[in-house]
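This is model38.txt (compact mmCIF, C-alpha atoms and all ligand atoms).
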```txt
# COMPACT_ATOMS: atom_id res chain seq x y z
CA MET A 1035 19.22 8.50 24.32
CA ALA A 1036 20.24 10.91 21.53
CA GLU A 1037 19.53 9.77 17.98
CA VAL A 1038 22.64 8.71 16.02
CA VAL A 1039 22.16 9.94 12.44
CA LYS A 1040 24.50 8.30 9.93
CA VAL A 1041 22.79 9.11 6.61
CA GLU A 1042 21.35 12.40 5.37
CA TYR A 1043 18.11 12.00 3.42
CA ASP A 1044 18.28 12.96 -0.27
CA PRO A 1045 14.95 12.74 -2.14
CA LYS A 1046 16.83 12.06 -5.41
CA GLY A 1047 13.99 13.61 -7.41
CA MET A 1048 11.23 11.60 -5.73
CA PRO A 1049 7.92 13.47 -6.18
CA PHE A 1050 5.82 13.98 -3.06
CA ARG A 1051 2.03 14.18 -2.67
CA LEU A 1052 -0.26 15.10 0.18
CA LEU A 1053 -1.54 12.07 2.06
CA GLY A 1054 -5.25 12.49 1.48
CA SER A 1055 -6.81 15.34 3.41
CA SER A 1056 -3.76 15.83 5.66
CA GLY A 1057 -0.77 18.12 5.35
CA LEU A 1058 1.64 15.17 5.40
CA ARG A 1059 3.74 14.83 2.24
CA VAL A 1060 4.43 11.29 1.17
CA PRO A 1061 6.68 9.96 -1.62
CA VAL A 1062 4.84 8.66 -4.71
CA PHE A 1063 6.58 5.32 -4.09
CA SER A 1064 7.00 3.93 -0.58
CA LEU A 1065 8.07 0.46 0.64
CA GLY A 1066 6.15 -2.16 2.60
CA GLY A 1067 7.05 -5.33 4.47
CA TRP A 1068 4.15 -7.76 3.86
CA LEU A 1069 5.47 -11.34 3.37
CA THR A 1070 8.96 -10.02 2.66
CA LEU A 1071 10.66 -7.98 5.43
CA GLY A 1072 10.78 -10.23 8.50
CA GLY A 1073 9.06 -13.02 6.52
CA THR A 1074 10.88 -14.48 3.49
CA VAL A 1075 13.66 -11.90 3.97
CA VAL A 1076 15.46 -11.64 7.33
CA GLY A 1077 18.69 -10.21 8.73
CA ASP A 1078 21.17 -8.33 6.51
CA PRO A 1079 19.08 -8.56 3.31
CA VAL A 1080 16.33 -6.51 5.03
CA LYS A 1081 18.92 -3.85 5.69
CA GLU A 1082 20.06 -3.90 2.06
CA ILE A 1083 16.51 -3.47 0.76
CA ILE A 1084 15.68 -0.58 3.11
CA LYS A 1085 19.07 1.06 2.50
CA VAL A 1086 18.68 0.95 -1.28
CA ALA A 1087 15.13 2.30 -1.01
CA TYR A 1088 16.23 5.17 1.23
CA GLU A 1089 19.23 6.00 -0.95
CA ASN A 1090 16.84 6.24 -3.91
CA GLY A 1091 14.42 8.66 -2.28
CA ILE A 1092 11.96 6.32 -0.50
CA ASN A 1093 11.54 7.63 3.03
CA MET A 1094 8.17 6.01 3.82
CA PHE A 1095 7.93 2.49 5.21
CA ASP A 1096 4.78 0.49 5.88
CA THR A 1097 4.32 -2.49 8.15
CA ALA A 1098 1.69 -4.07 10.44
CA GLU A 1099 1.48 -5.90 13.74
CA ALA A 1100 0.34 -8.95 11.77
CA TYR A 1101 3.23 -9.04 9.28
CA ALA A 1102 5.36 -12.11 10.02
CA LYS A 1103 3.71 -12.11 13.47
CA GLY A 1104 5.46 -8.92 14.56
CA LYS A 1105 8.84 -9.79 13.03
CA SER A 1106 8.35 -7.27 10.20
CA GLU A 1107 8.13 -4.44 12.73
CA ILE A 1108 11.10 -5.81 14.67
CA GLU A 1109 13.27 -6.01 11.53
CA MET A 1110 12.20 -2.58 10.32
CA GLY A 1111 12.88 -0.98 13.70
CA ARG A 1112 16.28 -2.65 13.98
CA VAL A 1113 17.31 -1.56 10.48
CA ILE A 1114 16.17 2.06 10.96
CA LYS A 1115 18.39 2.17 14.05
CA GLU A 1116 21.36 0.39 12.49
CA LEU A 1117 21.29 2.54 9.35
CA GLY A 1118 21.11 5.66 11.51
CA LEU A 1119 18.14 7.26 9.72
CA ARG A 1120 16.82 10.51 11.16
CA ARG A 1121 13.33 9.99 12.56
CA THR A 1122 12.01 13.30 11.22
CA ASP A 1123 13.12 12.32 7.70
CA LEU A 1124 11.02 9.15 7.87
CA ILE A 1125 7.35 8.34 7.54
CA VAL A 1126 6.64 5.06 9.33
CA THR A 1127 3.19 3.52 9.18
CA THR A 1128 1.84 0.42 10.87
CA LYS A 1129 -1.50 -1.31 11.15
CA ILE A 1130 -3.68 -2.69 13.92
CA TYR A 1131 -6.20 -5.52 13.76
CA TRP A 1132 -4.60 -8.98 13.82
CA GLY A 1133 -2.78 -9.17 17.16
CA LEU A 1134 -0.14 -11.73 17.98
CA ARG A 1135 -2.00 -13.76 20.59
CA SER A 1136 -5.25 -15.67 20.38
CA GLY A 1137 -7.25 -14.17 23.24
CA PRO A 1138 -10.74 -12.77 22.61
CA ASN A 1139 -9.40 -9.22 22.64
CA ASP A 1140 -6.20 -9.75 20.67
CA LEU A 1141 -8.04 -9.34 17.39
CA GLY A 1142 -10.05 -6.48 15.99
CA LEU A 1143 -10.65 -2.85 16.81
CA SER A 1144 -11.87 -2.75 20.42
CA ARG A 1145 -10.49 0.21 22.36
CA LYS A 1146 -8.49 -2.36 24.32
CA HIS A 1147 -6.76 -3.85 21.26
CA ILE A 1148 -6.23 -0.54 19.47
CA ILE A 1149 -4.43 0.87 22.52
CA GLU A 1150 -2.59 -2.25 23.69
CA GLY A 1151 -1.77 -3.22 20.10
CA THR A 1152 -0.35 0.20 19.21
CA LYS A 1153 1.79 0.19 22.34
CA GLU A 1154 3.28 -3.16 21.35
CA CYS A 1155 3.87 -2.03 17.74
CA LEU A 1156 5.93 0.91 19.03
CA GLU A 1157 7.95 -1.41 21.27
CA ARG A 1158 8.74 -3.74 18.36
CA LEU A 1159 9.61 -0.80 16.10
CA GLN A 1160 11.72 0.81 18.89
CA LEU A 1161 9.97 4.10 18.10
CA SER A 1162 8.07 6.51 20.32
CA TYR A 1163 5.54 7.24 17.55
CA VAL A 1164 4.46 6.21 14.07
CA ASP A 1165 3.32 8.77 11.54
CA VAL A 1166 0.13 6.98 10.59
CA ILE A 1167 -1.66 4.14 12.36
CA PHE A 1168 -4.06 2.19 10.14
CA ALA A 1169 -7.10 0.12 11.10
CA HIS A 1170 -6.03 -2.93 9.07
CA ARG A 1171 -9.66 -3.96 8.49
CA PRO A 1172 -13.08 -2.71 9.63
CA ASP A 1173 -14.61 -4.35 12.74
CA SER A 1174 -18.40 -4.46 12.60
CA THR A 1175 -18.51 -5.96 16.11
CA VAL A 1176 -17.28 -2.74 17.74
CA PRO A 1177 -19.31 0.50 17.85
CA MET A 1178 -17.84 3.06 15.44
CA GLU A 1179 -17.71 5.64 18.22
CA GLU A 1180 -15.42 3.35 20.24
CA ILE A 1181 -13.09 2.87 17.25
CA VAL A 1182 -12.84 6.57 16.38
CA ARG A 1183 -12.38 7.55 20.05
CA ALA A 1184 -9.63 4.96 20.52
CA PHE A 1185 -7.65 6.12 17.45
CA SER A 1186 -8.15 9.74 18.54
CA TRP A 1187 -6.80 8.85 21.98
CA VAL A 1188 -3.74 7.18 20.40
CA ILE A 1189 -3.10 10.40 18.44
CA ASP A 1190 -3.62 12.58 21.51
CA GLN A 1191 -1.02 10.49 23.38
CA GLY A 1192 1.50 11.35 20.62
CA TRP A 1193 1.80 7.68 19.58
CA ALA A 1194 0.70 8.53 16.03
CA PHE A 1195 0.14 11.76 14.11
CA TYR A 1196 -2.77 10.49 12.01
CA TRP A 1197 -5.03 7.49 11.68
CA ALA A 1198 -6.37 5.86 8.54
CA THR A 1199 -8.33 2.84 7.34
CA SER A 1200 -7.50 -0.21 5.27
CA GLU A 1201 -10.00 -2.12 3.14
CA TRP A 1202 -12.96 -0.39 4.74
CA SER A 1203 -16.13 0.04 2.71
CA ALA A 1204 -17.04 3.57 1.61
CA ARG A 1205 -20.01 3.28 3.97
CA ASP A 1206 -17.76 2.50 6.97
CA ILE A 1207 -15.46 5.41 6.10
CA GLU A 1208 -18.50 7.72 5.87
CA GLU A 1209 -19.62 6.54 9.32
CA ALA A 1210 -16.18 7.11 10.85
CA TYR A 1211 -16.19 10.62 9.39
CA SER A 1212 -19.61 11.50 10.70
CA VAL A 1213 -18.78 10.13 14.19
CA ALA A 1214 -15.53 12.14 14.21
CA GLU A 1215 -17.39 15.29 13.19
CA ARG A 1216 -20.17 14.77 15.72
CA TYR A 1217 -17.79 14.33 18.67
CA ASN A 1218 -14.93 16.53 17.44
CA LEU A 1219 -12.53 13.59 17.15
CA HIS A 1220 -9.68 12.93 14.69
CA LYS A 1221 -10.85 11.87 11.23
CA PRO A 1222 -9.19 9.16 9.15
CA ILE A 1223 -7.02 10.75 6.42
CA ALA A 1224 -6.43 7.91 3.99
CA GLU A 1225 -7.41 4.41 2.94
CA GLN A 1226 -4.91 1.61 2.29
CA CYS A 1227 -6.55 -0.38 -0.47
CA GLN A 1228 -5.63 -2.87 -3.11
CA HIS A 1229 -5.48 -1.20 -6.50
CA ASN A 1230 -4.01 -2.66 -9.64
CA MET A 1231 -4.95 -3.31 -13.27
CA PHE A 1232 -6.88 -6.41 -12.19
CA HIS A 1233 -8.51 -4.96 -9.07
CA ARG A 1234 -10.42 -1.74 -9.76
CA GLU A 1235 -14.06 -1.63 -8.59
CA ARG A 1236 -13.51 -0.48 -5.01
CA PRO A 1237 -10.72 2.08 -5.51
CA GLU A 1238 -12.12 3.48 -8.76
CA LYS A 1239 -15.88 3.28 -8.23
CA GLU A 1240 -16.91 2.63 -4.63
CA TYR A 1241 -14.55 5.26 -3.22
CA ALA A 1242 -15.31 7.94 -5.85
CA PRO A 1243 -17.72 9.85 -3.56
CA ILE A 1244 -15.27 9.56 -0.64
CA TYR A 1245 -12.42 11.14 -2.64
CA LYS A 1246 -14.69 14.00 -3.57
CA LYS A 1247 -16.30 14.62 -0.19
CA TYR A 1248 -13.40 14.00 2.18
CA LYS A 1249 -10.28 14.17 -0.02
CA ILE A 1250 -9.33 10.73 1.22
CA GLY A 1251 -6.09 9.59 -0.45
CA THR A 1252 -4.96 6.02 -1.01
CA THR A 1253 -1.79 4.24 0.04
CA VAL A 1254 -2.05 1.50 -2.56
CA TRP A 1255 -1.10 -2.12 -1.94
CA SER A 1256 -0.30 -4.91 -4.42
CA ALA A 1257 0.02 -2.57 -7.40
CA LEU A 1258 1.76 -5.47 -9.17
CA ALA A 1259 -0.90 -7.99 -8.09
CA SER A 1260 1.81 -9.72 -6.04
CA GLY A 1261 4.08 -9.89 -9.09
CA LEU A 1262 1.55 -11.18 -11.66
CA LEU A 1263 1.77 -7.89 -13.59
CA THR A 1264 5.56 -8.18 -13.94
CA GLY A 1265 5.08 -11.10 -16.34
CA LYS A 1266 7.13 -13.43 -14.09
CA TYR A 1267 4.23 -15.93 -13.91
CA ASN A 1268 3.54 -16.03 -17.67
CA ASN A 1269 5.19 -19.43 -18.06
CA GLY A 1270 4.62 -21.11 -14.71
CA ILE A 1271 5.71 -20.44 -11.14
CA PRO A 1272 9.43 -19.56 -10.87
CA GLU A 1273 11.27 -21.13 -7.93
CA GLY A 1274 11.69 -18.70 -5.04
CA SER A 1275 8.97 -16.31 -6.29
CA ARG A 1276 6.15 -15.18 -3.98
CA PHE A 1277 3.61 -17.68 -5.32
CA ASP A 1278 6.21 -20.44 -4.81
CA THR A 1279 7.33 -19.43 -1.30
CA ASN A 1280 3.76 -18.78 -0.05
CA LYS A 1281 1.92 -21.65 -1.73
CA ASP A 1282 -0.70 -22.07 1.00
CA PHE A 1283 -1.64 -18.40 1.15
CA PHE A 1284 -1.93 -18.15 -2.66
CA LYS A 1285 -3.64 -21.54 -3.09
CA ASN A 1286 -6.67 -20.04 -4.87
CA THR A 1287 -4.54 -17.75 -7.07
CA LEU A 1288 -2.33 -20.67 -8.08
CA GLN A 1289 -5.39 -22.72 -8.94
CA SER A 1290 -6.92 -19.87 -10.95
CA LEU A 1291 -3.73 -19.51 -13.01
CA THR A 1292 -4.44 -22.92 -14.53
CA GLN A 1293 -8.06 -22.00 -15.28
CA GLU A 1294 -9.85 -19.64 -17.67
CA GLU A 1295 -9.83 -16.56 -15.40
CA GLY A 1296 -6.11 -16.77 -14.60
CA LEU A 1297 -5.09 -17.66 -18.13
CA ALA A 1298 -7.02 -14.63 -19.42
CA LYS A 1299 -5.02 -12.46 -17.01
CA ILE A 1300 -1.74 -13.90 -18.32
CA GLU A 1301 -2.86 -13.11 -21.89
CA LYS A 1302 -3.52 -9.52 -20.82
CA VAL A 1303 -0.09 -9.29 -19.17
CA LYS A 1304 1.47 -10.42 -22.47
CA LYS A 1305 -0.42 -7.71 -24.39
CA LEU A 1306 0.52 -5.09 -21.77
CA THR A 1307 4.15 -6.20 -22.14
CA ALA A 1308 4.04 -5.61 -25.90
CA LEU A 1309 2.48 -2.17 -25.37
CA ALA A 1310 5.05 -1.26 -22.69
CA GLU A 1311 8.03 -2.40 -24.74
CA ASN A 1312 6.94 -1.13 -28.16
CA LYS A 1313 5.31 2.18 -27.28
CA LEU A 1314 6.91 3.25 -24.00
CA GLY A 1315 10.29 1.53 -23.99
CA CYS A 1316 9.63 0.10 -20.53
CA SER A 1317 8.68 -3.19 -18.87
CA PRO A 1318 5.16 -4.30 -17.86
CA THR A 1319 6.26 -3.78 -14.22
CA HIS A 1320 6.98 -0.09 -14.85
CA LEU A 1321 3.75 0.31 -16.77
CA ALA A 1322 1.63 -1.29 -14.03
CA LEU A 1323 3.22 0.84 -11.29
CA ALA A 1324 3.03 4.08 -13.29
CA TRP A 1325 -0.64 3.38 -14.13
CA VAL A 1326 -1.58 3.27 -10.42
CA ALA A 1327 0.68 6.23 -9.55
CA LYS A 1328 -0.93 8.36 -12.27
CA ASN A 1329 -4.32 8.20 -10.57
CA PRO A 1330 -4.70 11.52 -8.69
CA ASN A 1331 -6.41 9.76 -5.77
CA THR A 1332 -3.27 7.69 -5.19
CA SER A 1333 -1.14 9.36 -2.53
CA THR A 1334 1.55 6.67 -2.53
CA VAL A 1335 2.09 3.29 -4.14
CA ILE A 1336 3.58 0.93 -1.57
CA LEU A 1337 6.18 -1.21 -3.30
CA GLY A 1338 6.93 -4.73 -2.17
CA ALA A 1339 10.38 -6.16 -2.81
CA SER A 1340 12.22 -9.37 -1.99
CA LYS A 1341 15.51 -8.02 -3.39
CA PRO A 1342 17.15 -4.57 -3.51
CA GLU A 1343 17.32 -4.76 -7.34
CA GLN A 1344 13.52 -4.86 -7.49
CA VAL A 1345 13.31 -1.53 -5.64
CA VAL A 1346 15.72 0.11 -8.07
CA ASP A 1347 13.96 -1.40 -11.07
CA ASN A 1348 10.47 -0.41 -9.85
CA LEU A 1349 11.47 3.21 -9.38
CA LYS A 1350 11.98 3.47 -13.15
CA ALA A 1351 8.18 3.71 -13.21
CA LEU A 1352 8.59 7.37 -12.25
CA GLU A 1353 9.80 8.10 -15.80
CA VAL A 1354 6.78 6.34 -17.30
CA ILE A 1355 4.07 8.33 -15.45
CA PRO A 1356 4.27 11.38 -17.80
CA LYS A 1357 4.23 9.07 -20.84
CA LEU A 1358 0.75 7.77 -19.98
CA THR A 1359 -1.19 9.96 -22.38
CA ASP A 1360 -4.95 9.65 -22.89
CA GLU A 1361 -4.26 7.57 -26.01
CA ILE A 1362 -2.05 5.12 -24.09
CA ILE A 1363 -4.60 4.91 -21.29
CA GLU A 1364 -7.27 4.05 -23.89
CA GLU A 1365 -5.02 1.31 -25.30
CA ILE A 1366 -4.57 -0.08 -21.79
CA GLU A 1367 -8.35 -0.01 -21.25
CA ALA A 1368 -8.85 -1.90 -24.51
CA ILE A 1369 -6.49 -4.64 -23.28
CA LEU A 1370 -7.89 -4.83 -19.75
CA GLY A 1371 -11.60 -4.60 -20.63
CA ASN A 1372 -12.46 -4.16 -16.93
CA LYS A 1373 -13.04 -0.43 -16.51
CA PRO A 1374 -15.65 0.03 -13.76
CA GLU A 1375 -18.96 1.24 -15.15
CA ALA A 1376 -19.49 4.95 -14.72
CA THR A 1377 -22.20 6.09 -12.30
CA PRO A 1378 -25.15 7.31 -14.43
CA THR A 1379 -25.50 11.11 -14.67
CA PHE A 1380 -28.97 11.12 -16.34
CA GLY A 1381 -28.20 13.65 -19.03
CA ARG A 1382 -25.64 15.78 -17.19
CA SER A 1383 -22.11 15.89 -18.67
CA ALA A 1384 -20.05 13.10 -17.16
CA LEU A 1385 -17.00 13.48 -14.91
CA ASP A 1386 -13.53 12.56 -16.20
CA LYS A 1387 -11.95 9.14 -15.78
CA PHE A 1388 -10.87 10.05 -12.25
CA GLY A 1389 -14.36 11.18 -11.21
CA ARG A 1390 -13.56 14.90 -11.60
CA LEU A 1391 -15.08 17.66 -13.74
N1 LIG B 1401 -3.44 -3.09 3.99
C1 LIG B 1401 -3.42 -4.30 3.51
O1 LIG B 1401 -4.33 -5.10 3.71
C2 LIG B 1401 -2.23 -4.73 2.70
C3 LIG B 1401 -2.24 -5.98 2.04
C4 LIG B 1401 -1.11 -6.32 1.30
C5 LIG B 1401 -0.03 -5.48 1.22
N2 LIG B 1401 -0.04 -4.28 1.89
C6 LIG B 1401 1.12 -3.36 1.84
O2 LIG B 1401 1.48 -3.07 0.50
C7 LIG B 1401 2.84 -3.46 0.28
C8 LIG B 1401 3.02 -3.88 -1.15
O3 LIG B 1401 2.17 -5.00 -1.45
P1 LIG B 1401 2.72 -6.20 -2.30
O4 LIG B 1401 4.02 -6.66 -1.70
O5 LIG B 1401 1.65 -7.20 -2.47
O6 LIG B 1401 3.06 -5.44 -3.68
P2 LIG B 1401 3.29 -5.98 -5.14
O7 LIG B 1401 4.11 -4.92 -5.79
O8 LIG B 1401 2.01 -6.34 -5.80
O9 LIG B 1401 4.13 -7.32 -5.00
C9 LIG B 1401 5.46 -7.28 -4.56
C10 LIG B 1401 6.19 -8.57 -4.95
O10 LIG B 1401 6.28 -8.69 -6.37
C11 LIG B 1401 7.58 -9.14 -6.73
N3 LIG B 1401 8.27 -8.06 -7.43
C12 LIG B 1401 8.32 -6.74 -7.08
N4 LIG B 1401 9.03 -6.02 -7.95
C13 LIG B 1401 9.45 -6.89 -8.89
C14 LIG B 1401 10.23 -6.75 -10.07
N5 LIG B 1401 10.72 -5.56 -10.44
N6 LIG B 1401 10.47 -7.86 -10.81
C15 LIG B 1401 9.98 -9.05 -10.44
N7 LIG B 1401 9.24 -9.26 -9.33
C16 LIG B 1401 8.97 -8.19 -8.57
C17 LIG B 1401 8.29 -9.51 -5.43
O11 LIG B 1401 7.97 -10.84 -5.07
P3 LIG B 1401 8.96 -12.11 -5.29
O12 LIG B 1401 10.31 -11.60 -5.68
O13 LIG B 1401 8.95 -12.80 -3.97
O14 LIG B 1401 8.30 -12.93 -6.34
C18 LIG B 1401 7.62 -8.58 -4.44
O15 LIG B 1401 7.73 -8.99 -3.12
C19 LIG B 1401 3.10 -4.53 1.34
O16 LIG B 1401 4.45 -4.71 1.62
C20 LIG B 1401 2.35 -3.95 2.51
O17 LIG B 1401 3.10 -2.93 3.14
C21 LIG B 1401 -1.12 -3.91 2.61
```
Before we go any further, please render this structure as structure tokens.
Ligand SMILES: NC(=O)c1ccc[n+]([C@@H]2O[C@H](COP(=O)([O-])OP(=O)(O)OC[C@H]3O[C@@H](n4cnc5c(N)ncnc54)[C@H](OP(=O)(O)O)[C@@H]3O)[C@@H](O)[C@H]2O)c1
Amino acid sequence: MAEVVKVEYDPKGMPFRLLGSSGLRVPVFSLGGWLTLGGTVVGDPVKEIIKVAYENGINMFDTAEAYAKGKSEIEMGRVIKELGLRRTDLIVTTKIYWGLRSGPNDLGLSRKHIIEGTKECLERLQLSYVDVIFAHRPDSTVPMEEIVRAFSWVIDQGWAFYWATSEWSARDIEEAYSVAERYNLHKPIAEQCQHNMFHRERPEKEYAPIYKKYKIGTTVWSALASGLLTGKYNNGIPEGSRFDTNKDFFKNTLQSLTQEEGLAKIEKVKKLTALAENKLGCSPTHLALAWVAKNPNTSTVILGASKPEQVVDNLKALEVIPKLTDEIIEEIEAILGNKPEATPTFGRSALDKFGRL
């Protein structure tokens, strides 16, 4: 059936970056569906969020088979159709690992689940391909050769253009690379990792050699630490917020917010807020998003939003990126006090804060 295109894509000034080592250009801010689209947000509001994102230059959408047990993909697919978005204008990514049934092969990265799972993702999304298929987690119970071959097969079928990893260790990514090189298979192009002002070791230190060797790029998740960095949790848990609507999932986080570690984070958010407002004329939300986007290893920051207004507000971070001078970054470091220790260079001049000369 011919595609019915109702809206022409206008980037509205959205900057684009290469997705890691690939030639694919992705918007600096994209939109994801974890917990929200198909979860706490269903029906028309999903359409409003995606429409507002698209009208403001976001043409990349991330989901996963596991999100809302497949409902996130169903909602996203429905909305893409209903809004009449042109497939070639879009970058759609999904992730494989946690399947929807409980059989022994419905979970993980066996060839069987990668292939059957991807097929089902495409059915739910009503698409014939996704742009990038992610391995949502590593699977140490499956030989790496089987994993890389299965993702390569998915690409060769035309079901995805690229494959990538999510929350894999640098060592696992290295292994996938060497297997792909040895057998002339498709290499992973990116890593979908958590990166925010409170979560830095893996993206800033562990992956440093991977960025350099393989030009892996990141599609960052939870840049706002699920909302903590907006300041909305400074004085308790607002009704209807993520920590309120997903109490079980965030049980440990909620507990920590009443203890020393969590309270120290809130204090830092308050200091970041003062810095953002007084020196940059922005909110802590914009500062936190711009800080992740400024990192040259970040290909895209995946926004999460439960309301269309949040998408519009978060995109103001684009104006803050150029304002993050070395002096401001130093002030942020002084507040955070959690900069990962540099790898020793034993007398050689050190690399810059992004691990570059
Ligand atoms: N690969 C992985 O393992 C993995 C894991 C997690 C996420 N992801 C991906 O990354 C995406 C983003 O992650 P995330 O949703 O955790 O990102 P996030 O930006 O840390 O959190 C998003 C949440 O913060 C709140 N928020 C956002 N903007 C706000 C604003 N301007 N003012 C006040 N509150 C605001 C909203 O929650 P409320 O309004 O409900 O409070 C929103 O749903 C996901 O959708 C998913 O695609 C991937």
- Which residue, A:Lys1281, A:Arg1120, A:Lys1266, A:Lys1081, has the smallest gap to ligand LIG 1401 (chain B) when you use all atoms listed in the file? A:Lys1266
Listing only residues of chain A within 7 Å of ligand LIG 1401 (chain B), what is the closest atom pair and its distance in Å (to one decimal) for each, using all atoms listed in the file, sorted by chain and residue number ascending, as CSV?
```
residue,atom,partner,partner_atom,distance
A:Leu1065,CA,B:LIG1401,O16,6.4
A:Gly1066,CA,B:LIG1401,O17,3.2
A:Gly1067,CA,B:LIG1401,O16,3.9
A:Trp1068,CA,B:LIG1401,O16,3.8
A:Leu1069,CA,B:LIG1401,O16,6.9
A:Thr1070,CA,B:LIG1401,O15,6.0
A:Asp1096,CA,B:LIG1401,O17,4.7
A:Thr1097,CA,B:LIG1401,O17,5.2
A:His1170,CA,B:LIG1401,N1,5.7
A:Ser1200,CA,B:LIG1401,N1,5.1
A:Glu1201,CA,B:LIG1401,O1,6.4
A:Gln1226,CA,B:LIG1401,N1,5.2
A:Cys1227,CA,B:LIG1401,N1,6.1
A:Gln1228,CA,B:LIG1401,C3,6.9
A:Val1254,CA,B:LIG1401,O2,6.5
A:Trp1255,CA,B:LIG1401,O2,3.7
A:Ser1256,CA,B:LIG1401,O8,3.0
A:Ala1257,CA,B:LIG1401,O8,4.6
A:Leu1258,CA,B:LIG1401,O8,3.5
A:Ala1259,CA,B:LIG1401,O8,4.1
A:Ser1260,CA,B:LIG1401,O8,3.4
A:Gly1261,CA,B:LIG1401,O10,3.7
A:Thr1264,CA,B:LIG1401,C15,5.7
A:Lys1266,CA,B:LIG1401,C15,6.4
A:Gly1274,CA,B:LIG1401,O13,6.6
A:Ser1275,CA,B:LIG1401,O14,3.4
A:Arg1276,CA,B:LIG1401,O13,3.7
A:Phe1277,CA,B:LIG1401,O14,6.8
A:Thr1319,CA,B:LIG1401,N5,6.1
A:Ile1336,CA,B:LIG1401,C7,4.8
A:Leu1337,CA,B:LIG1401,C8,4.7
A:Gly1338,CA,B:LIG1401,O4,3.5
A:Ala1339,CA,B:LIG1401,O15,3.9
A:Ser1340,CA,B:LIG1401,O15,4.6
A:Lys1341,CA,B:LIG1401,O12,6.7
A:Gln1344,CA,B:LIG1401,N5,4.1
A:Val1345,CA,B:LIG1401,N4,6.6
A:Asp1347,CA,B:LIG1401,N5,5.3
A:Asn1348,CA,B:LIG1401,N5,5.2
```
Selection file, C-alpha atoms, as a short mmCIF file (atom, residue, chain, number, x, y, z; two decimals), keeping the file's coordinate frame:
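Output file again-v5.cif is given in full below:
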```cif
data_model
loop_
_atom_site.label_atom_id
_atom_site.label_comp_id
_atom_site.auth_asym_id
_atom_site.auth_seq_id
_atom_site.Cartn_x
_atom_site.Cartn_y
_atom_site.Cartn_z
CA LEU A 1065 8.07 0.46 0.64
CA GLY A 1066 6.15 -2.16 2.60
CA GLY A 1067 7.05 -5.33 4.47
CA TRP A 1068 4.15 -7.76 3.86
CA LEU A 1069 5.47 -11.34 3.37
CA THR A 1070 8.96 -10.02 2.66
CA ASP A 1096 4.78 0.49 5.88
CA THR A 1097 4.32 -2.49 8.15
CA HIS A 1170 -6.03 -2.93 9.07
CA SER A 1200 -7.50 -0.21 5.27
CA GLU A 1201 -10.00 -2.12 3.14
CA GLN A 1226 -4.91 1.61 2.29
CA CYS A 1227 -6.55 -0.38 -0.47
CA GLN A 1228 -5.63 -2.87 -3.11
CA VAL A 1254 -2.05 1.50 -2.56
CA TRP A 1255 -1.10 -2.12 -1.94
CA SER A 1256 -0.30 -4.91 -4.42
CA ALA A 1257 0.02 -2.57 -7.40
CA LEU A 1258 1.76 -5.47 -9.17
CA ALA A 1259 -0.90 -7.99 -8.09
CA SER A 1260 1.81 -9.72 -6.04
CA GLY A 1261 4.08 -9.89 -9.09
CA THR A 1264 5.56 -8.18 -13.94
CA LYS A 1266 7.13 -13.43 -14.09
CA GLY A 1274 11.69 -18.70 -5.04
CA SER A 1275 8.97 -16.31 -6.29
CA ARG A 1276 6.15 -15.18 -3.98
CA PHE A 1277 3.61 -17.68 -5.32
CA THR A 1319 6.26 -3.78 -14.22
CA ILE A 1336 3.58 0.93 -1.57
CA LEU A 1337 6.18 -1.21 -3.30
CA GLY A 1338 6.93 -4.73 -2.17
CA ALA A 1339 10.38 -6.16 -2.81
CA SER A 1340 12.22 -9.37 -1.99
CA LYS A 1341 15.51 -8.02 -3.39
CA GLN A 1344 13.52 -4.86 -7.49
CA VAL A 1345 13.31 -1.53 -5.64
CA ASP A 1347 13.96 -1.40 -11.07
CA ASN A 1348 10.47 -0.41 -9.85
#
```
- Do you know which residues are at most 10 Å from Lys1221 in chain A counting all atoms listed in the file, after dropping those on the same chain fewer than 2 positions away, and could you put them as a PyMOL selection string? chain A and resi 1055-1056+1182-1183+1185-1186+1196-1198+1207+1210-1215+1218-1219+1223-1224+1248
- Query: Out of A:Gly1111, A:Gly1265, A:Gly1091, A:Gly1371, which residue has the shortest atom-to-atom distance to Leu1159 in chain A when counting only C-alpha atoms?
  - Reply: A:Gly1111
- Item | Cut-off 9 Å around (21.7, 7.0, -2.2) with all atoms listed in the file: residues as a ChimeraX atom specification | /A:1043-1046,1085-1091
- Message: I'd like to know which of A:Phe1168, A:Tyr1163, A:Tyr1217, A:Trp1325 is closest to Gln1191 in chain A, using all atoms listed in the file.
- Response: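 Of the candidates, the smallest distance to Gln1191 in chain A is held by A:Tyr1163.
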- Item | Test item: residues at most 8 Å from range 1358-1360 of chain A, all atoms listed in the file, excluding those fewer than 3 positions along its chain, as a list in words |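 What passes the distance filter is Ala1324, Trp1325, Lys1328, Val1354, Ile1355, Ile1363 and Glu1364 of chain A.
Between CA of Ile1369 in chain A and CA of Leu1297 in chain A lies a distance of 14.1 Å.
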- Counting all atoms listed in the file, the option among A:Pro1330, A:Pro1079, A:Pro1061, A:Gly1133 closest to Lys1103 in chain A: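 With all atoms listed in the file as the atom set, the closest residue is A:Gly1133.
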- Counting all atoms listed in the file, the residue among A:Gly1137, A:Gly1151, A:Gly1077, A:Pro1378 that lies closest to Ser1106 in chain A is A:Gly1077
- Atomic separation - CA of Phe1063 in chain A relative to CA of Lys1373 in chain A, Å: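 Result for CA of Lys1373 in chain A versus CA of Phe1063 in chain A: 23.9 Å, one decimal.
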- Item | Selected residue, from A:Val1335, A:Leu1161, A:Met1094, A:Ala1100, that lies nearest to Gly1072 in chain A when counting all atoms listed in the file |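 Comparing A:Val1335, A:Leu1161, A:Met1094, A:Ala1100 against Gly1072 in chain A, the winner is A:Ala1100.
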